[in-house]
>>> print(open('query_25.pdb').read())   # PDB, C-alpha atoms and all ligand atoms
MODEL        1
ATOM      1  CA  MET Q   1       5.104  34.010   0.182
ATOM      2  CA  GLU Q   2       4.704  33.548  -3.566
ATOM      3  CA  PHE Q   3       3.729  29.994  -4.625
ATOM      4  CA  LYS Q   4       6.775  28.740  -6.529
ATOM      5  CA  HIS Q   5       6.892  25.205  -7.912
ATOM      6  CA  ILE Q   6       8.336  24.020 -11.223
ATOM      7  CA  PRO Q   7       6.160  21.216 -12.668
ATOM      8  CA  ILE Q   8       8.298  18.134 -13.242
ATOM      9  CA  MET Q   9       8.396  16.288 -16.587
ATOM     10  CA  LEU Q  10       5.649  18.568 -17.838
ATOM     11  CA  ASN Q  11       5.934  17.570 -21.510
ATOM     12  CA  GLU Q  12       6.223  13.866 -20.679
ATOM     13  CA  VAL Q  13       3.110  14.026 -18.481
ATOM     14  CA  ILE Q  14       1.047  15.961 -21.019
ATOM     15  CA  ASP Q  15       2.102  13.684 -23.931
ATOM     16  CA  ASN Q  16       1.278  10.587 -21.911
ATOM     17  CA  LEU Q  17      -2.127  11.808 -20.726
ATOM     18  CA  LYS Q  18      -3.239  11.877 -24.404
ATOM     19  CA  ILE Q  19      -5.732  14.604 -23.578
ATOM     20  CA  LYS Q  20      -9.044  14.657 -25.465
ATOM     21  CA  PRO Q  21     -10.339  18.247 -25.707
ATOM     22  CA  ASN Q  22     -13.834  17.288 -24.500
ATOM     23  CA  GLY Q  23     -12.696  14.922 -21.761
ATOM     24  CA  ILE Q  24     -12.928  15.085 -17.991
ATOM     25  CA  TYR Q  25      -9.522  15.092 -16.285
ATOM     26  CA  VAL Q  26      -8.473  14.951 -12.645
ATOM     27  CA  ASP Q  27      -5.333  16.495 -11.221
ATOM     28  CA  GLY Q  28      -5.333  14.775  -7.821
ATOM     29  CA  THR Q  29      -2.375  16.809  -6.525
ATOM     30  CA  MET Q  30      -3.054  20.253  -7.946
ATOM     31  CA  GLY Q  31      -0.315  22.100  -5.999
ATOM     32  CA  GLY Q  32       0.469  25.368  -7.798
ATOM     33  CA  ALA Q  33      -1.373  24.207 -10.948
ATOM     34  CA  GLY Q  34       1.766  23.849 -13.079
ATOM     35  CA  HIS Q  35       0.542  20.610 -14.657
ATOM     36  CA  SER Q  36      -3.106  21.689 -14.379
ATOM     37  CA  GLU Q  37      -2.485  24.784 -16.469
ATOM     38  CA  ALA Q  38      -0.995  22.703 -19.288
ATOM     39  CA  ILE Q  39      -3.949  20.266 -19.072
ATOM     40  CA  VAL Q  40      -6.658  22.926 -19.130
ATOM     41  CA  LYS Q  41      -5.003  24.644 -22.103
ATOM     42  CA  LYS Q  42      -5.592  21.441 -24.093
ATOM     43  CA  LEU Q  43      -9.302  21.315 -23.215
ATOM     44  CA  SER Q  44     -12.194  22.805 -25.177
ATOM     45  CA  ASN Q  45     -15.102  24.558 -23.446
ATOM     46  CA  GLU Q  46     -16.809  21.160 -23.160
ATOM     47  CA  GLY Q  47     -13.820  19.633 -21.354
ATOM     48  CA  LEU Q  48     -13.442  19.796 -17.576
ATOM     49  CA  LEU Q  49     -10.526  19.754 -15.151
ATOM     50  CA  ILE Q  50     -11.088  18.766 -11.547
ATOM     51  CA  GLY Q  51      -8.199  19.842  -9.342
ATOM     52  CA  ILE Q  52      -7.889  18.276  -5.895
ATOM     53  CA  ASP Q  53      -5.507  19.246  -3.103
ATOM     54  CA  ARG Q  54      -5.607  18.766   0.650
ATOM     55  CA  ASP Q  55      -3.727  22.064   1.124
ATOM     56  CA  GLN Q  56      -6.017  25.099   0.949
ATOM     57  CA  GLU Q  57      -3.054  27.402   0.220
ATOM     58  CA  ALA Q  58      -2.245  25.346  -2.881
ATOM     59  CA  LEU Q  59      -5.841  25.553  -4.087
ATOM     60  CA  ASN Q  60      -5.901  29.343  -3.563
ATOM     61  CA  ALA Q  61      -2.712  29.693  -5.611
ATOM     62  CA  SER Q  62      -4.140  27.435  -8.341
ATOM     63  CA  HIS Q  63      -7.369  29.414  -8.446
ATOM     64  CA  GLU Q  64      -5.438  32.646  -8.904
ATOM     65  CA  ARG Q  65      -3.244  31.126 -11.624
ATOM     66  CA  LEU Q  66      -6.148  29.635 -13.589
ATOM     67  CA  LYS Q  67      -8.703  32.411 -13.050
ATOM     68  CA  GLU Q  68      -9.190  32.964 -16.791
ATOM     69  CA  PHE Q  69     -10.400  29.349 -17.267
ATOM     70  CA  GLU Q  70     -14.023  28.577 -16.462
ATOM     71  CA  ASN Q  71     -13.887  24.798 -16.866
ATOM     72  CA  VAL Q  72     -11.892  24.086 -13.692
ATOM     73  CA  ARG Q  73     -13.274  22.882 -10.342
ATOM     74  CA  TYR Q  74     -11.192  23.233  -7.186
ATOM     75  CA  ILE Q  75     -11.742  20.580  -4.542
ATOM     76  CA  TRP Q  76     -10.271  20.746  -1.058
ATOM     77  CA  GLY Q  77      -9.862  17.068  -0.240
ATOM     78  CA  LYS Q  78      -7.814  13.934  -0.700
ATOM     79  CA  HIS Q  79      -7.402  12.075  -3.971
ATOM     80  CA  GLU Q  80      -8.045   8.784  -2.183
ATOM     81  CA  ASP Q  81     -11.635  10.036  -1.820
ATOM     82  CA  LEU Q  82     -11.881  10.521  -5.589
ATOM     83  CA  LYS Q  83     -14.912   8.291  -6.073
ATOM     84  CA  ASP Q  84     -16.944  10.155  -3.418
ATOM     85  CA  ILE Q  85     -15.795  13.525  -4.730
ATOM     86  CA  LEU Q  86     -16.882  12.679  -8.285
ATOM     87  CA  PHE Q  87     -20.094  11.069  -7.086
ATOM     88  CA  GLY Q  88     -20.920  14.302  -5.237
ATOM     89  CA  MET Q  89     -20.413  16.204  -8.500
ATOM     90  CA  GLY Q  90     -22.629  13.799 -10.441
ATOM     91  CA  ILE Q  91     -19.677  12.482 -12.489
ATOM     92  CA  LYS Q  92     -19.478   8.742 -13.193
ATOM     93  CA  LYS Q  93     -16.496   8.439 -15.535
ATOM     94  CA  ILE Q  94     -13.330  10.386 -16.280
ATOM     95  CA  ASP Q  95     -10.764  10.364 -19.102
ATOM     96  CA  GLY Q  96      -7.471  10.713 -17.293
ATOM     97  CA  ILE Q  97      -5.769  11.330 -13.971
ATOM     98  CA  LEU Q  98      -2.491  12.771 -12.797
ATOM     99  CA  LEU Q  99      -0.949  12.261  -9.364
ATOM    100  CA  ASP Q 100       2.265  14.201  -8.688
ATOM    101  CA  LEU Q 101       2.987  12.771  -5.257
ATOM    102  CA  GLY Q 102       4.628  14.297  -2.214
ATOM    103  CA  ILE Q 103       4.970  17.948  -1.326
ATOM    104  CA  SER Q 104       5.435  21.039  -3.451
ATOM    105  CA  SER Q 105       8.484  23.308  -3.430
ATOM    106  CA  TYR Q 106       6.215  25.945  -1.892
ATOM    107  CA  GLN Q 107       5.444  23.694   1.066
ATOM    108  CA  ILE Q 108       9.152  22.938   1.560
ATOM    109  CA  ASP Q 109      10.268  26.544   1.145
ATOM    110  CA  GLU Q 110       7.582  28.072   3.388
ATOM    111  CA  ALA Q 111       9.472  27.849   6.694
ATOM    112  CA  SER Q 112       6.371  28.010   8.904
ATOM    113  CA  ARG Q 113       5.098  24.666   7.549
ATOM    114  CA  GLY Q 114       7.987  22.878   9.296
ATOM    115  CA  PHE Q 115       8.759  20.489   6.398
ATOM    116  CA  SER Q 116      12.395  21.474   5.979
ATOM    117  CA  TYR Q 117      15.339  20.592   8.195
ATOM    118  CA  THR Q 118      17.104  23.688   6.831
ATOM    119  CA  LYS Q 119      14.524  26.139   8.201
ATOM    120  CA  GLU Q 120      13.820  26.864  11.848
ATOM    121  CA  ALA Q 121      10.105  26.313  12.572
ATOM    122  CA  PRO Q 122       7.710  24.535  14.928
ATOM    123  CA  LEU Q 123       7.428  20.823  14.090
ATOM    124  CA  ASP Q 124       4.274  20.794  11.969
ATOM    125  CA  MET Q 125       4.507  19.120   8.495
ATOM    126  CA  ARG Q 126       0.742  19.005   7.876
ATOM    127  CA  MET Q 127      -0.324  19.368   4.248
ATOM    128  CA  ASN Q 128      -3.828  20.080   5.516
ATOM    129  CA  LYS Q 129      -3.526  22.700   8.241
ATOM    130  CA  GLU Q 130      -6.898  21.677   9.731
ATOM    131  CA  GLN Q 131      -5.691  18.156  10.456
ATOM    132  CA  GLU Q 132      -5.005  17.317  14.122
ATOM    133  CA  LEU Q 133      -1.886  15.148  13.886
ATOM    134  CA  THR Q 134       1.336  17.180  13.643
ATOM    135  CA  ALA Q 135       5.014  16.236  13.552
ATOM    136  CA  ARG Q 136       5.298  17.593  17.100
ATOM    137  CA  GLU Q 137       2.778  15.022  18.304
ATOM    138  CA  VAL Q 138       4.480  12.156  16.451
ATOM    139  CA  VAL Q 139       7.880  13.033  17.912
ATOM    140  CA  ASN Q 140       6.661  13.694  21.464
ATOM    141  CA  THR Q 141       4.000  11.005  21.976
ATOM    142  CA  TYR Q 142       4.755   7.949  19.821
ATOM    143  CA  SER Q 143       6.378   4.941  21.518
ATOM    144  CA  LYS Q 144      10.011   4.065  20.836
ATOM    145  CA  GLU Q 145       8.938   1.017  18.812
ATOM    146  CA  LYS Q 146       6.528   3.021  16.702
ATOM    147  CA  LEU Q 147       9.120   5.724  15.977
ATOM    148  CA  GLU Q 148      11.702   3.088  15.075
ATOM    149  CA  LYS Q 149       9.303   1.460  12.646
ATOM    150  CA  ILE Q 150       8.363   4.739  10.985
ATOM    151  CA  PHE Q 151      12.021   5.776  10.615
ATOM    152  CA  PHE Q 152      12.913   2.372   9.176
ATOM    153  CA  ASP Q 153       9.870   1.796   6.954
ATOM    154  CA  TYR Q 154       9.349   5.343   5.659
ATOM    155  CA  GLY Q 155      12.880   6.724   5.897
ATOM    156  CA  GLU Q 156      14.945   3.571   5.314
ATOM    157  CA  GLU Q 157      17.216   4.975   8.041
ATOM    158  CA  ASN Q 158      19.948   2.640   9.312
ATOM    159  CA  PHE Q 159      20.156   4.404  12.676
ATOM    160  CA  SER Q 160      16.399   4.194  13.348
ATOM    161  CA  LYS Q 161      16.840   2.471  16.716
ATOM    162  CA  ARG Q 162      19.437   4.901  17.998
ATOM    163  CA  ILE Q 163      17.486   7.965  16.863
ATOM    164  CA  ALA Q 164      14.212   6.684  18.355
ATOM    165  CA  ALA Q 165      15.955   5.901  21.663
ATOM    166  CA  LYS Q 166      17.543   9.364  21.796
ATOM    167  CA  ILE Q 167      14.199  11.041  21.101
ATOM    168  CA  ILE Q 168      12.644   9.206  24.060
ATOM    169  CA  GLU Q 169      15.582  10.172  26.297
ATOM    170  CA  LYS Q 170      15.511  13.858  25.299
ATOM    171  CA  ARG Q 171      11.765  14.324  25.414
ATOM    172  CA  GLU Q 172      11.650  13.032  29.006
ATOM    173  CA  MET Q 173      13.650  16.127  29.956
ATOM    174  CA  LYS Q 174      12.055  18.646  27.577
ATOM    175  CA  SER Q 175       9.624  18.298  24.686
ATOM    176  CA  ILE Q 176      11.042  18.503  21.151
ATOM    177  CA  GLU Q 177       9.360  21.548  19.642
ATOM    178  CA  THR Q 178      11.181  22.750  16.547
ATOM    179  CA  THR Q 179      12.920  21.521  13.407
ATOM    180  CA  SER Q 180      16.299  22.470  14.885
ATOM    181  CA  ASP Q 181      15.509  20.657  18.172
ATOM    182  CA  LEU Q 182      14.874  17.518  16.100
ATOM    183  CA  CYS Q 183      18.066  18.006  14.058
ATOM    184  CA  ASP Q 184      20.056  18.327  17.308
ATOM    185  CA  VAL Q 185      18.630  15.029  18.568
ATOM    186  CA  ILE Q 186      19.381  13.266  15.258
ATOM    187  CA  ARG Q 187      22.902  14.677  15.176
ATOM    188  CA  SER Q 188      23.591  13.465  18.704
ATOM    189  CA  SER Q 189      22.262   9.950  17.924
ATOM    190  CA  ILE Q 190      24.360   8.942  14.936
ATOM    191  CA  PRO Q 191      27.985   7.737  15.119
ATOM    192  CA  LYS Q 192      30.685  10.402  14.956
ATOM    193  CA  GLY Q 193      31.971  10.959  11.423
ATOM    194  CA  LYS Q 194      28.656  10.023   9.737
ATOM    195  CA  ASP Q 195      26.969  12.728   7.679
ATOM    196  CA  ALA Q 196      24.007  13.949   9.725
ATOM    197  CA  VAL Q 197      22.372  15.642   6.730
ATOM    198  CA  ASP Q 198      21.471  12.298   5.134
ATOM    199  CA  SER Q 199      19.781  11.252   8.374
ATOM    200  CA  PHE Q 200      17.975  14.623   8.631
ATOM    201  CA  LYS Q 201      16.552  14.028   5.135
ATOM    202  CA  ARG Q 202      15.452  10.475   5.883
ATOM    203  CA  ILE Q 203      13.920  11.218   9.293
ATOM    204  CA  PHE Q 204      12.075  14.325   8.073
ATOM    205  CA  GLN Q 205      10.729  12.329   5.112
ATOM    206  CA  ALA Q 206       9.612   9.519   7.424
ATOM    207  CA  ILE Q 207       7.790  11.848   9.832
ATOM    208  CA  ARG Q 208       6.162  13.740   6.952
ATOM    209  CA  ILE Q 209       4.852  10.484   5.450
ATOM    210  CA  GLU Q 210       3.442   9.466   8.845
ATOM    211  CA  VAL Q 211       1.837  12.859   9.581
ATOM    212  CA  ASN Q 212       0.106  12.977   6.207
ATOM    213  CA  GLY Q 213      -0.598   9.249   5.845
ATOM    214  CA  GLU Q 214       1.018   9.535   2.422
ATOM    215  CA  LEU Q 215       1.372   5.844   1.622
ATOM    216  CA  LYS Q 216      -1.653   4.522   3.474
ATOM    217  CA  ASP Q 217      -4.320   5.021   0.840
ATOM    218  CA  LEU Q 218      -2.251   5.362  -2.313
ATOM    219  CA  GLU Q 219      -3.166   1.882  -3.536
ATOM    220  CA  LYS Q 220      -6.859   2.670  -3.028
ATOM    221  CA  ALA Q 221      -6.508   5.929  -4.975
ATOM    222  CA  ILE Q 222      -4.939   4.035  -7.881
ATOM    223  CA  LYS Q 223      -7.523   1.216  -7.871
ATOM    224  CA  ASP Q 224     -10.463   3.627  -7.680
ATOM    225  CA  GLY Q 225      -8.989   5.892 -10.351
ATOM    226  CA  ILE Q 226      -8.554   2.999 -12.789
ATOM    227  CA  GLU Q 227     -12.045   1.696 -12.051
ATOM    228  CA  ILE Q 228     -13.784   4.936 -12.937
ATOM    229  CA  MET Q 229     -11.745   5.715 -16.052
ATOM    230  CA  ASN Q 230     -13.150   5.430 -19.562
ATOM    231  CA  GLU Q 231     -11.449   3.028 -21.969
ATOM    232  CA  GLY Q 232      -8.392   4.696 -23.484
ATOM    233  CA  GLY Q 233      -7.992   6.941 -20.426
ATOM    234  CA  ARG Q 234      -4.485   7.336 -19.038
ATOM    235  CA  PHE Q 235      -3.297   7.395 -15.409
ATOM    236  CA  CYS Q 236       0.055   9.209 -14.928
ATOM    237  CA  ILE Q 237       1.844   9.069 -11.586
ATOM    238  CA  LEU Q 238       5.017  10.913 -10.585
ATOM    239  CA  THR Q 239       6.804   9.441  -7.555
ATOM    240  CA  PHE Q 240       9.795  10.737  -5.603
ATOM    241  CA  HIS Q 241      11.072   7.825  -3.560
ATOM    242  CA  SER Q 242      11.271   4.057  -3.786
ATOM    243  CA  LEU Q 243       8.431   3.415  -1.302
ATOM    244  CA  GLU Q 244       5.909   5.343  -3.406
ATOM    245  CA  ASP Q 245       7.249   3.940  -6.634
ATOM    246  CA  ARG Q 246       6.932   0.353  -5.405
ATOM    247  CA  ILE Q 247       3.266   0.875  -4.497
ATOM    248  CA  VAL Q 248       2.518   2.400  -7.907
ATOM    249  CA  LYS Q 249       4.418  -0.318  -9.790
ATOM    250  CA  ASN Q 250       2.604  -3.105  -7.911
ATOM    251  CA  ALA Q 251      -0.821  -1.472  -8.223
ATOM    252  CA  PHE Q 252      -0.355  -1.008 -11.985
ATOM    253  CA  ASN Q 253       0.858  -4.638 -12.317
ATOM    254  CA  ASP Q 254      -2.232  -5.863 -10.447
ATOM    255  CA  ALA Q 255      -4.503  -3.740 -12.630
ATOM    256  CA  ALA Q 256      -2.797  -5.097 -15.747
ATOM    257  CA  GLY Q 257      -3.917  -8.551 -14.561
ATOM    258  CA  LYS Q 258      -0.702 -10.026 -13.232
ATOM    259  CA  CYS Q 259      -1.624 -13.619 -12.357
ATOM    260  CA  THR Q 260      -0.263 -14.708  -8.997
ATOM    261  CA  CYS Q 261      -0.875 -18.471  -9.491
ATOM    262  CA  PRO Q 262       2.134 -20.837  -9.522
ATOM    263  CA  LYS Q 263       3.530 -21.215 -13.068
ATOM    264  CA  ASP Q 264       2.618 -24.919 -13.360
ATOM    265  CA  PHE Q 265      -1.110 -24.344 -12.676
ATOM    266  CA  PRO Q 266      -3.056 -25.176 -15.860
ATOM    267  CA  VAL Q 267      -5.743 -22.552 -15.152
ATOM    268  CA  CYS Q 268      -5.796 -19.328 -13.199
ATOM    269  CA  VAL Q 269      -7.345 -19.750  -9.791
ATOM    270  CA  CYS Q 270      -6.445 -16.308  -8.459
ATOM    271  CA  ASN Q 271      -9.072 -14.855 -10.824
ATOM    272  CA  ALA Q 272      -6.743 -12.121 -12.038
ATOM    273  CA  LYS Q 273      -8.516  -9.554 -14.190
ATOM    274  CA  SER Q 274      -6.989  -7.020 -16.483
ATOM    275  CA  PHE Q 275      -8.237  -3.446 -16.514
ATOM    276  CA  GLY Q 276      -5.685  -2.242 -19.031
ATOM    277  CA  LYS Q 277      -1.988  -2.087 -19.824
ATOM    278  CA  ILE Q 278       1.196  -0.561 -18.513
ATOM    279  CA  ILE Q 279       2.554   1.867 -21.104
ATOM    280  CA  ASN Q 280       6.189   2.033 -20.069
ATOM    281  CA  LYS Q 281       7.775  -1.115 -18.602
ATOM    282  CA  LYS Q 282      10.549   1.033 -17.137
ATOM    283  CA  PRO Q 283       9.562   4.336 -15.540
ATOM    284  CA  ILE Q 284      10.283   7.539 -17.445
ATOM    285  CA  ILE Q 285      12.853   9.757 -15.723
ATOM    286  CA  PRO Q 286      13.648  13.472 -16.219
ATOM    287  CA  SER Q 287      16.163  14.416 -18.912
ATOM    288  CA  GLU Q 288      19.681  15.302 -17.819
ATOM    289  CA  GLU Q 289      18.920  18.925 -18.618
ATOM    290  CA  GLU Q 290      15.845  18.939 -16.360
ATOM    291  CA  GLN Q 291      17.783  17.277 -13.539
ATOM    292  CA  ILE Q 292      20.421  20.014 -13.759
ATOM    293  CA  ASN Q 293      17.909  22.872 -14.044
ATOM    294  CA  ASN Q 294      15.636  21.532 -11.305
ATOM    295  CA  PRO Q 295      17.529  19.356  -8.805
ATOM    296  CA  ARG Q 296      14.228  18.477  -7.097
ATOM    297  CA  SER Q 297      13.355  16.446 -10.210
ATOM    298  CA  LYS Q 298      16.323  14.089  -9.755
ATOM    299  CA  SER Q 299      14.520  11.308  -7.891
ATOM    300  CA  CYS Q 300      11.319  11.551  -9.929
ATOM    301  CA  LYS Q 301       9.826   8.619 -11.885
ATOM    302  CA  LEU Q 302       6.784   8.667 -14.134
ATOM    303  CA  ARG Q 303       4.642   5.561 -14.592
ATOM    304  CA  VAL Q 304       1.691   5.398 -16.981
ATOM    305  CA  PHE Q 305      -1.284   3.035 -17.210
ATOM    306  CA  GLU Q 306      -3.925   2.901 -19.936
ATOM    307  CA  ARG Q 307      -7.464   1.753 -19.187
ATOM    308  CA  GLU Q 308      -8.920  -0.935 -21.447
ATOM    309  CA  LYS Q 309     -12.036  -3.083 -21.342
ATOM    310  CA  GLU Q 310     -11.992  -5.288 -18.252
ATOM    311  CA  HIS Q 311     -11.264  -8.987 -19.013
ATOM    312  CA  PRO Q 312     -10.052 -12.149 -17.211
ATOM    313  CA  VAL Q 313      -6.407 -12.963 -17.947
ATOM    314  CA  ARG Q 314      -6.655 -16.716 -18.493
TER     315      ARG Q 314
HETATM  316  C1  LIG Q 401       4.296  17.860  -5.845
HETATM  317  S1  LIG Q 401       2.940  18.873  -5.429
HETATM  318  C2  LIG Q 401       2.057  19.046  -6.918
HETATM  319  C3  LIG Q 401       2.577  20.148  -7.798
HETATM  320  C4  LIG Q 401       1.742  20.378  -9.046
HETATM  321  N1  LIG Q 401       1.755  19.249  -9.930
HETATM  322  C5  LIG Q 401       2.239  21.611  -9.786
HETATM  323  O1  LIG Q 401       2.699  21.480 -10.921
HETATM  324  O2  LIG Q 401       2.172  22.719  -9.225
HETATM  325  C6  LIG Q 401       1.921  17.800  -4.539
HETATM  326  C7  LIG Q 401       0.639  18.424  -4.008
HETATM  327  O3  LIG Q 401      -0.233  17.361  -3.675
HETATM  328  C8  LIG Q 401      -0.886  17.622  -2.474
HETATM  329  N2  LIG Q 401      -1.224  16.311  -1.916
HETATM  330  C9  LIG Q 401      -0.391  15.375  -1.431
HETATM  331  N3  LIG Q 401      -1.052  14.270  -1.067
HETATM  332  C10 LIG Q 401      -2.362  14.507  -1.347
HETATM  333  C11 LIG Q 401      -3.564  13.727  -1.221
HETATM  334  N4  LIG Q 401      -3.537  12.510  -0.704
HETATM  335  N5  LIG Q 401      -4.710  14.268  -1.646
HETATM  336  C12 LIG Q 401      -4.740  15.521  -2.170
HETATM  337  N6  LIG Q 401      -3.646  16.320  -2.291
HETATM  338  C13 LIG Q 401      -2.471  15.805  -1.902
HETATM  339  C14 LIG Q 401       0.092  18.444  -1.661
HETATM  340  O4  LIG Q 401      -0.584  19.245  -0.730
HETATM  341  C15 LIG Q 401       0.798  19.255  -2.746
HETATM  342  O5  LIG Q 401       0.194  20.518  -2.926
ENDMDL
END
>>> encode(input="query_25.pdb", output="structure tokens")
Amino acid sequence: MEFKHIPIMLNEVIDNLKIKPNGIYVDGTMGGAGHSEAIVKKLSNEGLLIGIDRDQEALNASHERLKEFENVRYIWGKHEDLKDILFGMGIKKIDGILLDLGISSYQIDEASRGFSYTKEAPLDMRMNKEQELTAREVVNTYSKEKLEKIFFDYGEENFSKRIAAKIIEKREMKSIETTSDLCDVIRSSIPKGKDAVDSFKRIFQAIRIEVNGELKDLEKAIKDGIEIMNEGGRFCILTFHSLEDRIVKNAFNDAAGKCTCPKDFPVCVCNAKSFGKIINKKPIIPSEEEQINNPRSKSCKLRVFEREKEHPVR
């Protein structure tokens, strides 16, 4: 299947990265290289783009798309391992990073990956096909309590308890193997008259986040990225749901030196340090036109951080 993915808020991301032609940039979620292509076009021969993705199919598609550019490196890995990846390449500092979180349209549309509740497929949902944990394992082996927690924390699903209980009941008779098996269980768990599609979306999102550990190391990726960025470098992050956005907002606030001491303390005892500033207090959202042309952009938010010289806040 052809790799189709429309890069979201492309102009906003490129403007905010403030790309220096000779700089070193990281696209930590390369996907189909939509954003990467626009970045590399702004670089001179001395500039470098490092594209990272945990999905080999995405990297292959990116390689094909960017084959005319020599100053691109393709790394099969996770952006939370950024420091090690750069260290292995002999790179100490970079000039900007982009994270476009979540999954690509290609991953959703490719039925065999099992990400979509609209397509019949084995329960898989792995971004990295070499990884052991699959959605099938989560659904068929996790305890009721663990499933409930995942559905509530990662899916914000009101019927988490009922759905988890029904999964346990059904899987005792027969294992839950496919996307449609899971949809049937969800449908039979929620009260009559409620729209099952909303629950499908939330439960599939929750399982996907668990399978890929999507939120686990995001804070680390942000901290490490800021630490190894040159002064003036920009960190752009696109998020697609409130859980991701909250982590990014808090991590940027911490890096901007938000002091956590009580207001009446005369001096800072939490030793807050600032590594730079938040560029947009409110996240940037796609234009109305983009939201109409690309409905997948609707929930997207862009936050931007600029690296400055490290200093104590008080
Ligand atoms: C929304 S897509 C990126 C699309 C890309 N910006 C484009 O324009 O084509 C997200 C990509 O990030 C990858 N990904 C998600 N989490 C990752 C992680 N922790 N480390 C590396 N890649 C990750 C996914 O496999 C997917 O290909």
>>> resolve_selection(input="query_25.pdb", expression="the PyMOL selection byres (((not hetatm)) within 7 of (chain Q and resi 401))", output="compact mmCIF listing (two decimals) with C-alpha atoms, keeping the file's coordinate frame")
# COMPACT_ATOMS: atom_id res chain seq x y z
CA HIS Q 5 6.89 25.20 -7.91
CA ILE Q 6 8.34 24.02 -11.22
CA PRO Q 7 6.16 21.22 -12.67
CA ILE Q 8 8.30 18.13 -13.24
CA GLY Q 28 -5.33 14.78 -7.82
CA THR Q 29 -2.38 16.81 -6.52
CA MET Q 30 -3.05 20.25 -7.95
CA GLY Q 31 -0.32 22.10 -6.00
CA GLY Q 32 0.47 25.37 -7.80
CA ALA Q 33 -1.37 24.21 -10.95
CA GLY Q 34 1.77 23.85 -13.08
CA HIS Q 35 0.54 20.61 -14.66
CA SER Q 36 -3.11 21.69 -14.38
CA ILE Q 52 -7.89 18.28 -5.90
CA ASP Q 53 -5.51 19.25 -3.10
CA ARG Q 54 -5.61 18.77 0.65
CA ASP Q 55 -3.73 22.06 1.12
CA ALA Q 58 -2.24 25.35 -2.88
CA GLY Q 77 -9.86 17.07 -0.24
CA LYS Q 78 -7.81 13.93 -0.70
CA HIS Q 79 -7.40 12.08 -3.97
CA GLU Q 80 -8.04 8.78 -2.18
CA ASP Q 100 2.26 14.20 -8.69
CA LEU Q 101 2.99 12.77 -5.26
CA GLY Q 102 4.63 14.30 -2.21
CA ILE Q 103 4.97 17.95 -1.33
CA SER Q 104 5.44 21.04 -3.45
CA MET Q 127 -0.32 19.37 4.25
CA GLU Q 214 1.02 9.54 2.42
>>> closest_residue(input="query_25.pdb", among="Q:Pro295, Q:Ser175, Q:Phe305, Q:His311", to="Ser105 in chain Q", atoms="all atoms listed in the file")
Q:Pro295
>>> atom_distance(input="query_25.pdb", atom1="CA of Glu306 in chain Q", atom2="CA of Gly276 in chain Q")
5.5 Å
>>> closest_residue(input="query_25.pdb", among="Q:Lys92, Q:Lys83, Q:Arg162, Q:Arg208", to="Val139 in chain Q", atoms="only C-alpha atoms")
Q:Arg208
>>> closest_residue(input="query_25.pdb", among="Q:Glu132, Q:Glu310, Q:Glu210, Q:Glu172", to="Ile226 in chain Q", atoms="only C-alpha atoms")
Q:Glu310
>>> atom_distance(input="query_25.pdb", atom1="CA of Ile237 in chain Q", atom2="CA of Ile279 in chain Q")
12.0 Å
>>> residues_around(input="query_25.pdb", residues="range 247-250 of chain Q", least_positions_apart="6", cutoff="10 Å", atoms="all atoms listed in the file", output="list in words")
Leu215, Leu218, Glu219, Ile222, Ile237, Leu238, Thr239, Ala256, Lys258, Ile278, Lys281, Lys282, Pro283, Leu302, Arg303, Val304 and Phe305 of chain Q
>>> write_last_selection(input="query_25.pdb", atoms="C-alpha atoms", output="PDB file, in the coordinates of the input")
ATOM      1  CA  LEU Q 215       1.372   5.844   1.622  1.00  0.00           C
ATOM      2  CA  LEU Q 218      -2.251   5.362  -2.313  1.00  0.00           C
ATOM      3  CA  GLU Q 219      -3.166   1.882  -3.536  1.00  0.00           C
ATOM      4  CA  ILE Q 222      -4.939   4.035  -7.881  1.00  0.00           C
ATOM      5  CA  ILE Q 237       1.844   9.069 -11.586  1.00  0.00           C
ATOM      6  CA  LEU Q 238       5.017  10.913 -10.585  1.00  0.00           C
ATOM      7  CA  THR Q 239       6.804   9.441  -7.555  1.00  0.00           C
ATOM      8  CA  ALA Q 256      -2.797  -5.097 -15.747  1.00  0.00           C
ATOM      9  CA  LYS Q 258      -0.702 -10.026 -13.232  1.00  0.00           C
ATOM     10  CA  ILE Q 278       1.196  -0.561 -18.513  1.00  0.00           C
ATOM     11  CA  LYS Q 281       7.775  -1.115 -18.602  1.00  0.00           C
ATOM     12  CA  LYS Q 282      10.549   1.033 -17.137  1.00  0.00           C
ATOM     13  CA  PRO Q 283       9.562   4.336 -15.540  1.00  0.00           C
ATOM     14  CA  LEU Q 302       6.784   8.667 -14.134  1.00  0.00           C
ATOM     15  CA  ARG Q 303       4.642   5.561 -14.592  1.00  0.00           C
ATOM     16  CA  VAL Q 304       1.691   5.398 -16.981  1.00  0.00           C
ATOM     17  CA  PHE Q 305      -1.284   3.035 -17.210  1.00  0.00           C
TER      18      PHE Q 305
END
>>> atom_distance(input="query_25.pdb", atom1="CA of Ile209 in chain Q", atom2="CA of Phe152 in chain Q")
12.0 Å
>>> closest_residue(input="query_25.pdb", among="Q:Met125, Q:Ile207, Q:Ile186, Q:Ala111", to="Lys146 in chain Q", atoms="all atoms listed in the file")
Q:Ile207
>>> residues_around(input="query_25.pdb", residues="Gly51 in chain Q", least_positions_apart="3", cutoff="7 Å", atoms="only C-alpha atoms", output="PyMOL selection string")
chain Q and resi 26-28+30+73-75
>>> closest_residue(input="query_25.pdb", among="Q:Ala221, Q:Ala251, Q:Ile24, Q:Leu182", to="Leu49 in chain Q", atoms="all atoms listed in the file")
Q:Ile24
>>> resolve_selection(input="query_25.pdb", expression="the PyMOL selection byres (((chain Q and resi 196-198) around 10) and not hetatm)", output="PyMOL selection string")
chain Q and resi 117-118+157+183-184+186-195+199-203
